[in-house]
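Enquirer: Okay, so here is my_file_23.txt, and as you'll see once you scroll down, it has compact mmCIF, N, CA and C atoms.
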# COMPACT_ATOMS: atom_id res chain seq x y z
N MET A 203 13.58 6.36 9.05
CA MET A 203 12.19 6.29 8.65
C MET A 203 11.57 7.69 8.66
N SER A 204 12.17 8.65 9.38
CA SER A 204 11.55 9.96 9.46
C SER A 204 11.63 10.67 8.11
N GLY A 205 10.89 11.71 8.00
CA GLY A 205 10.88 12.50 6.77
C GLY A 205 9.50 13.03 6.51
N TYR A 206 9.40 13.86 5.50
CA TYR A 206 8.13 14.46 5.10
C TYR A 206 7.46 15.19 6.27
N GLY A 207 8.28 15.72 7.19
CA GLY A 207 7.72 16.50 8.29
C GLY A 207 7.06 15.67 9.38
N ARG A 208 7.40 14.39 9.43
CA ARG A 208 6.81 13.50 10.45
C ARG A 208 7.93 12.81 11.22
N ALA A 209 7.70 12.60 12.50
CA ALA A 209 8.68 11.94 13.37
C ALA A 209 8.66 10.43 13.15
N ASP A 210 9.75 9.77 13.52
CA ASP A 210 9.82 8.31 13.43
C ASP A 210 8.65 7.64 14.13
N SER A 211 8.30 8.14 15.31
CA SER A 211 7.20 7.54 16.08
C SER A 211 5.89 7.63 15.31
N GLU A 212 5.68 8.74 14.61
CA GLU A 212 4.45 8.91 13.83
C GLU A 212 4.43 7.92 12.67
N TRP A 213 5.56 7.77 11.99
CA TRP A 213 5.62 6.80 10.90
C TRP A 213 5.33 5.40 11.42
N GLY A 214 5.87 5.08 12.59
CA GLY A 214 5.62 3.76 13.18
C GLY A 214 4.13 3.53 13.42
N GLU A 215 3.45 4.54 13.96
CA GLU A 215 2.00 4.43 14.17
C GLU A 215 1.25 4.25 12.86
N LEU A 216 1.65 5.04 11.86
CA LEU A 216 0.98 4.99 10.56
C LEU A 216 1.19 3.64 9.87
N VAL A 217 2.40 3.10 9.97
CA VAL A 217 2.68 1.79 9.38
C VAL A 217 1.84 0.72 10.05
N HIS A 218 1.83 0.72 11.37
CA HIS A 218 1.06 -0.28 12.11
C HIS A 218 -0.43 -0.20 11.78
N ALA A 219 -0.98 0.99 11.84
CA ALA A 219 -2.41 1.17 11.56
C ALA A 219 -2.73 0.90 10.10
N GLY A 220 -1.84 1.30 9.20
CA GLY A 220 -2.06 1.08 7.78
C GLY A 220 -2.03 -0.38 7.41
N ARG A 221 -1.07 -1.11 7.94
CA ARG A 221 -1.00 -2.55 7.67
C ARG A 221 -2.25 -3.25 8.20
N LYS A 222 -2.63 -2.89 9.42
CA LYS A 222 -3.82 -3.51 10.02
C LYS A 222 -5.06 -3.24 9.16
N PHE A 223 -5.23 -2.00 8.70
CA PHE A 223 -6.39 -1.65 7.87
C PHE A 223 -6.36 -2.41 6.54
N LEU A 224 -5.20 -2.50 5.91
CA LEU A 224 -5.12 -3.21 4.64
C LEU A 224 -5.40 -4.70 4.81
N ILE A 225 -4.97 -5.28 5.91
CA ILE A 225 -5.29 -6.69 6.17
C ILE A 225 -6.80 -6.85 6.38
N GLU A 226 -7.42 -5.90 7.07
CA GLU A 226 -8.89 -5.94 7.22
C GLU A 226 -9.56 -5.93 5.85
N ARG A 227 -9.09 -5.06 4.96
CA ARG A 227 -9.65 -4.99 3.61
C ARG A 227 -9.42 -6.29 2.87
N ALA A 228 -8.24 -6.87 3.03
CA ALA A 228 -7.92 -8.14 2.35
C ALA A 228 -8.86 -9.24 2.81
N LYS A 229 -9.14 -9.30 4.10
CA LYS A 229 -10.05 -10.32 4.63
C LYS A 229 -11.47 -10.12 4.12
N LEU A 230 -11.82 -8.88 3.80
CA LEU A 230 -13.13 -8.59 3.23
C LEU A 230 -13.13 -8.76 1.71
N ASP A 231 -11.96 -9.08 1.16
CA ASP A 231 -11.78 -9.26 -0.28
C ASP A 231 -12.21 -8.02 -1.05
N THR A 232 -11.70 -6.87 -0.60
CA THR A 232 -12.03 -5.61 -1.25
C THR A 232 -10.81 -4.69 -1.28
N THR A 233 -10.85 -3.73 -2.16
CA THR A 233 -9.81 -2.72 -2.23
C THR A 233 -10.23 -1.51 -1.40
N THR A 234 -9.36 -0.53 -1.36
CA THR A 234 -9.66 0.73 -0.70
C THR A 234 -9.09 1.85 -1.55
N SER A 235 -9.46 3.06 -1.26
CA SER A 235 -8.92 4.20 -1.99
C SER A 235 -7.89 4.92 -1.12
N TYR A 236 -7.08 5.74 -1.76
CA TYR A 236 -6.14 6.57 -1.01
C TYR A 236 -6.91 7.45 -0.03
N THR A 237 -8.06 7.96 -0.46
CA THR A 237 -8.87 8.83 0.37
C THR A 237 -9.37 8.10 1.61
N GLU A 238 -9.89 6.90 1.43
CA GLU A 238 -10.38 6.13 2.58
C GLU A 238 -9.24 5.75 3.51
N LEU A 239 -8.12 5.32 2.96
CA LEU A 239 -6.95 4.98 3.78
C LEU A 239 -6.52 6.19 4.59
N ASN A 240 -6.44 7.34 3.96
CA ASN A 240 -6.03 8.57 4.62
C ASN A 240 -6.95 8.91 5.78
N ALA A 241 -8.25 8.85 5.54
CA ALA A 241 -9.22 9.17 6.60
C ALA A 241 -9.15 8.16 7.74
N THR A 242 -9.00 6.90 7.41
CA THR A 242 -8.91 5.86 8.43
C THR A 242 -7.66 6.03 9.28
N LEU A 243 -6.54 6.31 8.65
CA LEU A 243 -5.29 6.52 9.40
C LEU A 243 -5.40 7.70 10.35
N ALA A 244 -5.97 8.79 9.88
CA ALA A 244 -6.12 9.97 10.74
C ALA A 244 -7.02 9.65 11.93
N ARG A 245 -8.10 8.95 11.67
CA ARG A 245 -9.05 8.60 12.74
C ARG A 245 -8.42 7.62 13.74
N ARG A 246 -7.72 6.63 13.26
CA ARG A 246 -7.20 5.59 14.15
C ARG A 246 -5.95 6.00 14.90
N THR A 247 -5.15 6.89 14.32
CA THR A 247 -3.88 7.25 14.95
C THR A 247 -3.89 8.62 15.60
N GLY A 248 -4.79 9.50 15.15
CA GLY A 248 -4.76 10.88 15.62
C GLY A 248 -3.70 11.71 14.90
N CYS A 249 -2.97 11.10 13.98
CA CYS A 249 -1.97 11.81 13.19
C CYS A 249 -2.68 12.69 12.16
N ARG A 250 -2.03 13.76 11.76
CA ARG A 250 -2.63 14.63 10.76
C ARG A 250 -2.77 13.88 9.45
N PRO A 251 -3.86 14.12 8.74
CA PRO A 251 -4.03 13.43 7.45
C PRO A 251 -3.05 13.97 6.41
N PHE A 252 -2.83 13.19 5.38
CA PHE A 252 -2.02 13.62 4.25
C PHE A 252 -2.86 14.59 3.42
N ASP A 253 -2.23 15.65 2.93
CA ASP A 253 -2.90 16.65 2.11
C ASP A 253 -2.60 16.35 0.64
N PHE A 254 -3.53 15.68 -0.03
CA PHE A 254 -3.30 15.24 -1.40
C PHE A 254 -3.26 16.38 -2.42
N GLU A 255 -3.52 17.60 -1.97
CA GLU A 255 -3.37 18.76 -2.86
C GLU A 255 -1.90 19.10 -3.06
N ARG A 256 -1.04 18.58 -2.19
CA ARG A 256 0.40 18.88 -2.23
C ARG A 256 1.18 17.67 -2.73
N ALA A 257 2.09 17.91 -3.66
CA ALA A 257 2.90 16.83 -4.24
C ALA A 257 3.73 16.11 -3.18
N ASP A 258 4.30 16.85 -2.22
CA ASP A 258 5.12 16.22 -1.19
C ASP A 258 4.29 15.33 -0.28
N GLU A 259 3.05 15.68 -0.05
CA GLU A 259 2.17 14.86 0.79
C GLU A 259 1.71 13.61 0.04
N ARG A 260 1.51 13.72 -1.27
CA ARG A 260 1.19 12.53 -2.08
C ARG A 260 2.39 11.59 -2.07
N ALA A 261 3.59 12.17 -2.16
CA ALA A 261 4.81 11.36 -2.10
C ALA A 261 4.95 10.70 -0.73
N ALA A 262 4.56 11.41 0.32
CA ALA A 262 4.64 10.86 1.67
C ALA A 262 3.71 9.66 1.81
N MET A 263 2.52 9.72 1.21
CA MET A 263 1.61 8.56 1.25
C MET A 263 2.24 7.39 0.51
N GLY A 264 2.88 7.65 -0.61
CA GLY A 264 3.58 6.58 -1.32
C GLY A 264 4.70 5.99 -0.47
N HIS A 265 5.41 6.85 0.22
CA HIS A 265 6.47 6.40 1.14
C HIS A 265 5.88 5.49 2.21
N LEU A 266 4.75 5.91 2.77
CA LEU A 266 4.08 5.10 3.79
C LEU A 266 3.71 3.73 3.24
N LEU A 267 3.14 3.69 2.06
CA LEU A 267 2.76 2.40 1.48
C LEU A 267 3.97 1.50 1.27
N GLY A 268 5.09 2.08 0.87
CA GLY A 268 6.32 1.31 0.76
C GLY A 268 6.76 0.75 2.10
N LEU A 269 6.65 1.57 3.15
CA LEU A 269 7.00 1.10 4.50
C LEU A 269 6.08 -0.02 4.96
N ILE A 270 4.81 0.08 4.61
CA ILE A 270 3.86 -0.98 4.97
C ILE A 270 4.22 -2.28 4.27
N VAL A 271 4.57 -2.21 3.00
CA VAL A 271 4.98 -3.41 2.26
C VAL A 271 6.22 -4.02 2.91
N GLU A 272 7.21 -3.19 3.24
CA GLU A 272 8.43 -3.68 3.90
C GLU A 272 8.10 -4.33 5.25
N ASP A 273 7.26 -3.68 6.05
CA ASP A 273 6.89 -4.21 7.36
C ASP A 273 6.15 -5.54 7.22
N ASP A 274 5.24 -5.61 6.28
CA ASP A 274 4.48 -6.84 6.06
C ASP A 274 5.42 -7.97 5.63
N GLN A 275 6.36 -7.67 4.76
CA GLN A 275 7.30 -8.68 4.29
C GLN A 275 8.20 -9.17 5.43
N ARG A 276 8.55 -8.25 6.32
CA ARG A 276 9.38 -8.61 7.47
C ARG A 276 8.59 -9.52 8.42
N ARG A 277 7.32 -9.23 8.62
CA ARG A 277 6.48 -10.00 9.54
C ARG A 277 6.04 -11.34 8.96
N GLU A 278 5.66 -11.34 7.68
CA GLU A 278 5.16 -12.55 7.03
C GLU A 278 5.79 -12.67 5.64
N PRO A 279 7.06 -13.10 5.60
CA PRO A 279 7.77 -13.15 4.31
C PRO A 279 7.11 -14.09 3.30
N THR A 280 7.11 -13.66 2.07
CA THR A 280 6.64 -14.48 0.96
C THR A 280 7.66 -14.38 -0.16
N ASP A 281 7.70 -15.37 -1.00
CA ASP A 281 8.59 -15.34 -2.15
C ASP A 281 7.80 -15.74 -3.38
N PRO A 282 7.57 -14.84 -4.30
CA PRO A 282 8.03 -13.45 -4.33
C PRO A 282 7.25 -12.60 -3.33
N PRO A 283 7.80 -11.43 -3.02
CA PRO A 283 7.14 -10.56 -2.04
C PRO A 283 5.71 -10.21 -2.43
N LEU A 284 4.88 -10.14 -1.42
CA LEU A 284 3.48 -9.75 -1.57
C LEU A 284 3.38 -8.26 -1.23
N MET A 285 2.65 -7.52 -2.04
CA MET A 285 2.54 -6.08 -1.85
C MET A 285 1.12 -5.71 -1.44
N LEU A 286 0.90 -5.57 -0.12
CA LEU A 286 -0.42 -5.18 0.38
C LEU A 286 -0.90 -3.87 -0.23
N SER A 287 0.03 -3.04 -0.66
CA SER A 287 -0.35 -1.76 -1.24
C SER A 287 -1.12 -1.92 -2.54
N ALA A 288 -1.19 -3.13 -3.09
CA ALA A 288 -1.99 -3.38 -4.29
C ALA A 288 -3.47 -3.10 -4.02
N LEU A 289 -3.85 -3.14 -2.77
CA LEU A 289 -5.26 -2.92 -2.40
C LEU A 289 -5.67 -1.46 -2.47
N VAL A 290 -4.71 -0.56 -2.59
CA VAL A 290 -5.00 0.88 -2.58
C VAL A 290 -5.07 1.39 -4.01
N ILE A 291 -6.24 1.91 -4.36
CA ILE A 291 -6.46 2.40 -5.72
C ILE A 291 -6.95 3.84 -5.69
N TYR A 292 -6.91 4.47 -6.84
CA TYR A 292 -7.45 5.82 -6.95
C TYR A 292 -8.96 5.79 -6.79
N LEU A 293 -9.51 6.81 -6.17
CA LEU A 293 -10.95 6.94 -6.02
C LEU A 293 -11.59 6.95 -7.41
N ASN A 294 -12.65 6.16 -7.57
CA ASN A 294 -13.37 6.04 -8.85
C ASN A 294 -12.50 5.51 -9.98
N ALA A 295 -11.53 4.67 -9.65
CA ALA A 295 -10.67 4.06 -10.68
C ALA A 295 -10.49 2.59 -10.33
N ASN A 296 -9.91 1.87 -11.24
CA ASN A 296 -9.67 0.45 -11.02
C ASN A 296 -8.23 0.13 -11.39
N ASP A 297 -7.31 0.76 -10.66
CA ASP A 297 -5.90 0.55 -10.91
C ASP A 297 -5.11 1.06 -9.71
N ALA A 298 -3.96 0.48 -9.52
CA ALA A 298 -3.05 0.94 -8.47
C ALA A 298 -2.38 2.23 -8.93
N GLY A 299 -1.79 2.94 -8.01
CA GLY A 299 -1.08 4.17 -8.34
C GLY A 299 0.29 3.90 -8.93
N SER A 300 0.87 4.91 -9.51
CA SER A 300 2.18 4.77 -10.15
C SER A 300 3.26 4.35 -9.15
N GLY A 301 3.13 4.77 -7.90
CA GLY A 301 4.11 4.39 -6.88
C GLY A 301 4.13 2.89 -6.63
N PHE A 302 2.98 2.24 -6.77
CA PHE A 302 2.90 0.79 -6.61
C PHE A 302 3.80 0.10 -7.64
N TYR A 303 3.68 0.55 -8.88
CA TYR A 303 4.48 -0.06 -9.95
C TYR A 303 5.95 0.29 -9.81
N GLN A 304 6.25 1.50 -9.35
CA GLN A 304 7.63 1.89 -9.14
C GLN A 304 8.28 1.03 -8.06
N LEU A 305 7.58 0.80 -6.97
CA LEU A 305 8.10 -0.05 -5.90
C LEU A 305 8.32 -1.47 -6.41
N ALA A 306 7.39 -1.97 -7.21
CA ALA A 306 7.53 -3.32 -7.77
C ALA A 306 8.77 -3.40 -8.65
N LYS A 307 9.04 -2.35 -9.41
CA LYS A 307 10.25 -2.32 -10.25
C LYS A 307 11.50 -2.29 -9.38
N GLU A 308 11.48 -1.46 -8.34
CA GLU A 308 12.63 -1.35 -7.43
C GLU A 308 12.92 -2.68 -6.74
N GLN A 309 11.89 -3.46 -6.47
CA GLN A 309 12.08 -4.76 -5.82
C GLN A 309 12.36 -5.88 -6.82
N GLY A 310 12.43 -5.54 -8.09
CA GLY A 310 12.72 -6.54 -9.11
C GLY A 310 11.55 -7.45 -9.42
N LEU A 311 10.35 -7.03 -9.06
CA LEU A 311 9.16 -7.84 -9.29
C LEU A 311 8.51 -7.54 -10.64
N LEU A 312 8.86 -6.42 -11.21
CA LEU A 312 8.27 -5.96 -12.47
C LEU A 312 9.38 -5.36 -13.31
N SER A 313 9.39 -5.68 -14.57
CA SER A 313 10.39 -5.16 -15.49
C SER A 313 10.33 -3.64 -15.55
N VAL A 314 11.49 -3.02 -15.63
CA VAL A 314 11.57 -1.57 -15.72
C VAL A 314 10.83 -1.07 -16.96
N SER A 315 10.82 -1.89 -18.01
CA SER A 315 10.17 -1.49 -19.26
C SER A 315 8.79 -2.13 -19.42
N ALA A 316 8.15 -2.51 -18.32
CA ALA A 316 6.86 -3.19 -18.39
C ALA A 316 5.82 -2.32 -19.11
N SER A 317 5.06 -2.96 -19.97
CA SER A 317 3.98 -2.28 -20.69
C SER A 317 2.79 -2.08 -19.75
N ALA A 318 1.83 -1.30 -20.20
CA ALA A 318 0.61 -1.09 -19.40
C ALA A 318 -0.09 -2.42 -19.13
N ASP A 319 -0.13 -3.30 -20.13
CA ASP A 319 -0.76 -4.61 -19.94
C ASP A 319 0.01 -5.45 -18.93
N GLU A 320 1.32 -5.42 -18.99
CA GLU A 320 2.14 -6.18 -18.04
C GLU A 320 1.95 -5.65 -16.61
N ARG A 321 1.83 -4.35 -16.48
CA ARG A 321 1.58 -3.77 -15.15
C ARG A 321 0.24 -4.25 -14.60
N LEU A 322 -0.79 -4.24 -15.43
CA LEU A 322 -2.11 -4.68 -14.98
C LEU A 322 -2.12 -6.17 -14.61
N VAL A 323 -1.42 -6.98 -15.39
CA VAL A 323 -1.32 -8.42 -15.08
C VAL A 323 -0.61 -8.61 -13.75
N PHE A 324 0.46 -7.85 -13.52
CA PHE A 324 1.19 -7.93 -12.26
C PHE A 324 0.28 -7.53 -11.10
N TRP A 325 -0.43 -6.42 -11.25
CA TRP A 325 -1.32 -5.94 -10.19
C TRP A 325 -2.41 -6.97 -9.89
N ALA A 326 -3.02 -7.52 -10.94
CA ALA A 326 -4.06 -8.54 -10.75
C ALA A 326 -3.49 -9.77 -10.04
N GLY A 327 -2.26 -10.13 -10.37
CA GLY A 327 -1.61 -11.26 -9.70
C GLY A 327 -1.39 -10.99 -8.23
N GLN A 328 -1.01 -9.77 -7.90
CA GLN A 328 -0.83 -9.40 -6.49
C GLN A 328 -2.17 -9.47 -5.75
N LEU A 329 -3.23 -8.95 -6.36
CA LEU A 329 -4.55 -9.01 -5.74
C LEU A 329 -4.98 -10.45 -5.51
N LYS A 330 -4.73 -11.31 -6.49
CA LYS A 330 -5.09 -12.74 -6.37
C LYS A 330 -4.33 -13.38 -5.20
N ARG A 331 -3.04 -13.10 -5.10
CA ARG A 331 -2.24 -13.68 -4.01
C ARG A 331 -2.69 -13.15 -2.65
N ILE A 332 -3.06 -11.88 -2.59
CA ILE A 332 -3.56 -11.31 -1.33
C ILE A 332 -4.84 -12.02 -0.93
N ARG A 333 -5.74 -12.23 -1.88
CA ARG A 333 -7.00 -12.94 -1.60
C ARG A 333 -6.71 -14.34 -1.08
N GLU A 334 -5.79 -15.04 -1.73
CA GLU A 334 -5.45 -16.41 -1.33
C GLU A 334 -4.84 -16.42 0.08
N ARG A 335 -4.02 -15.47 0.38
CA ARG A 335 -3.36 -15.41 1.69
C ARG A 335 -4.36 -15.16 2.82
N TYR A 336 -5.34 -14.28 2.58
CA TYR A 336 -6.22 -13.87 3.66
C TYR A 336 -7.59 -14.53 3.65
N ALA A 337 -7.94 -15.23 2.59
CA ALA A 337 -9.25 -15.90 2.54
C ALA A 337 -9.41 -16.90 3.69
N ALA A 338 -8.37 -17.63 3.99
CA ALA A 338 -8.42 -18.64 5.05
C ALA A 338 -8.49 -18.00 6.44
N ARG A 339 -8.09 -16.73 6.54
CA ARG A 339 -8.07 -16.05 7.84
C ARG A 339 -9.33 -15.28 8.12
N ALA A 340 -10.19 -15.16 7.12
CA ALA A 340 -11.39 -14.33 7.28
C ALA A 340 -12.40 -14.97 8.22
Will you turn the file into structure tokens for me?
Expert:
Amino acid sequence: MSGYGRADSEWGELVHAGRKFLIERAKLDTTTSYTELNATLARRTGCRPFDFERADERAAMGHLLGLIVEDDQRREPTDPPLMLSALVIYLNANDAGSGFYQLAKEQGLLSVSASADERLVFWAGQLKRIRERYAARA
């Protein structure tokens, strides 16, 4: 799990805090931005924030979101897998990041040749399933 200049223990803290924050957002039926997630993780864990000015740090945030999806699936399996990372969008945008779609392709949830419309339909479906999963828990 280590990499991107962070220890395994740090990744563990970030995954735990990130999953918890995304579940909080899901219960509120709202999305979050990479910026808000980053600030929340730094505040809650004391870990250094990701520096989005650097490509490797943006990749590290994508790696973290993948780890959160894996952890969530391990804790509460669904078929097909639910991707909590669908809740994370670009600031001032209404779409998931490219890493979200790449992970979906890697997991066989989205066609490798998916069109922009197919990607949006997939993302909307993930958001709908997240709402359904957490609405009863709110």
Enquirer: Check chain A with DSSP on the backbone and list each residue it calls alpha helix (DSSP H), as a ChimeraX atom specification.
Expert: /A:210-229,236-247,257-277,300-308,318-337
Enquirer: From the options A:His218, A:Leu267, A:Asp258, A:Ala288, which residue's atoms come nearest to Trp325 (chain A), counting all atoms listed in the file?
Expert: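 For Trp325 (chain A), the nearest of the candidates is A:Ala288.
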Enquirer: Could you go through region 222-339 of chain A and tell me which residues DSSP, when run on the backbone, assigns to strand (DSSP E), listing them as a PyMOL selection string?
Expert: chain A and resi 234-235+290-291
Enquirer: Taking into account all atoms listed in the file, which residue in the set A:Leu266, A:Gly220, A:Ala257, A:Tyr292 is nearest to Ser235 (chain A)?
Expert: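 Of A:Leu266, A:Gly220, A:Ala257, A:Tyr292, the one nearest Ser235 (chain A), counting all atoms listed in the file, is A:Tyr292.
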Enquirer: Could you give me, as number ranges by chain, the residues within 7 Å of region 226-229 of chain A, counting only N, CA and C atoms and dropping anything in the same chain fewer than 2 positions from it?
Expert: A: 221-224, 231-234, 332-333, 336-337, 339-340
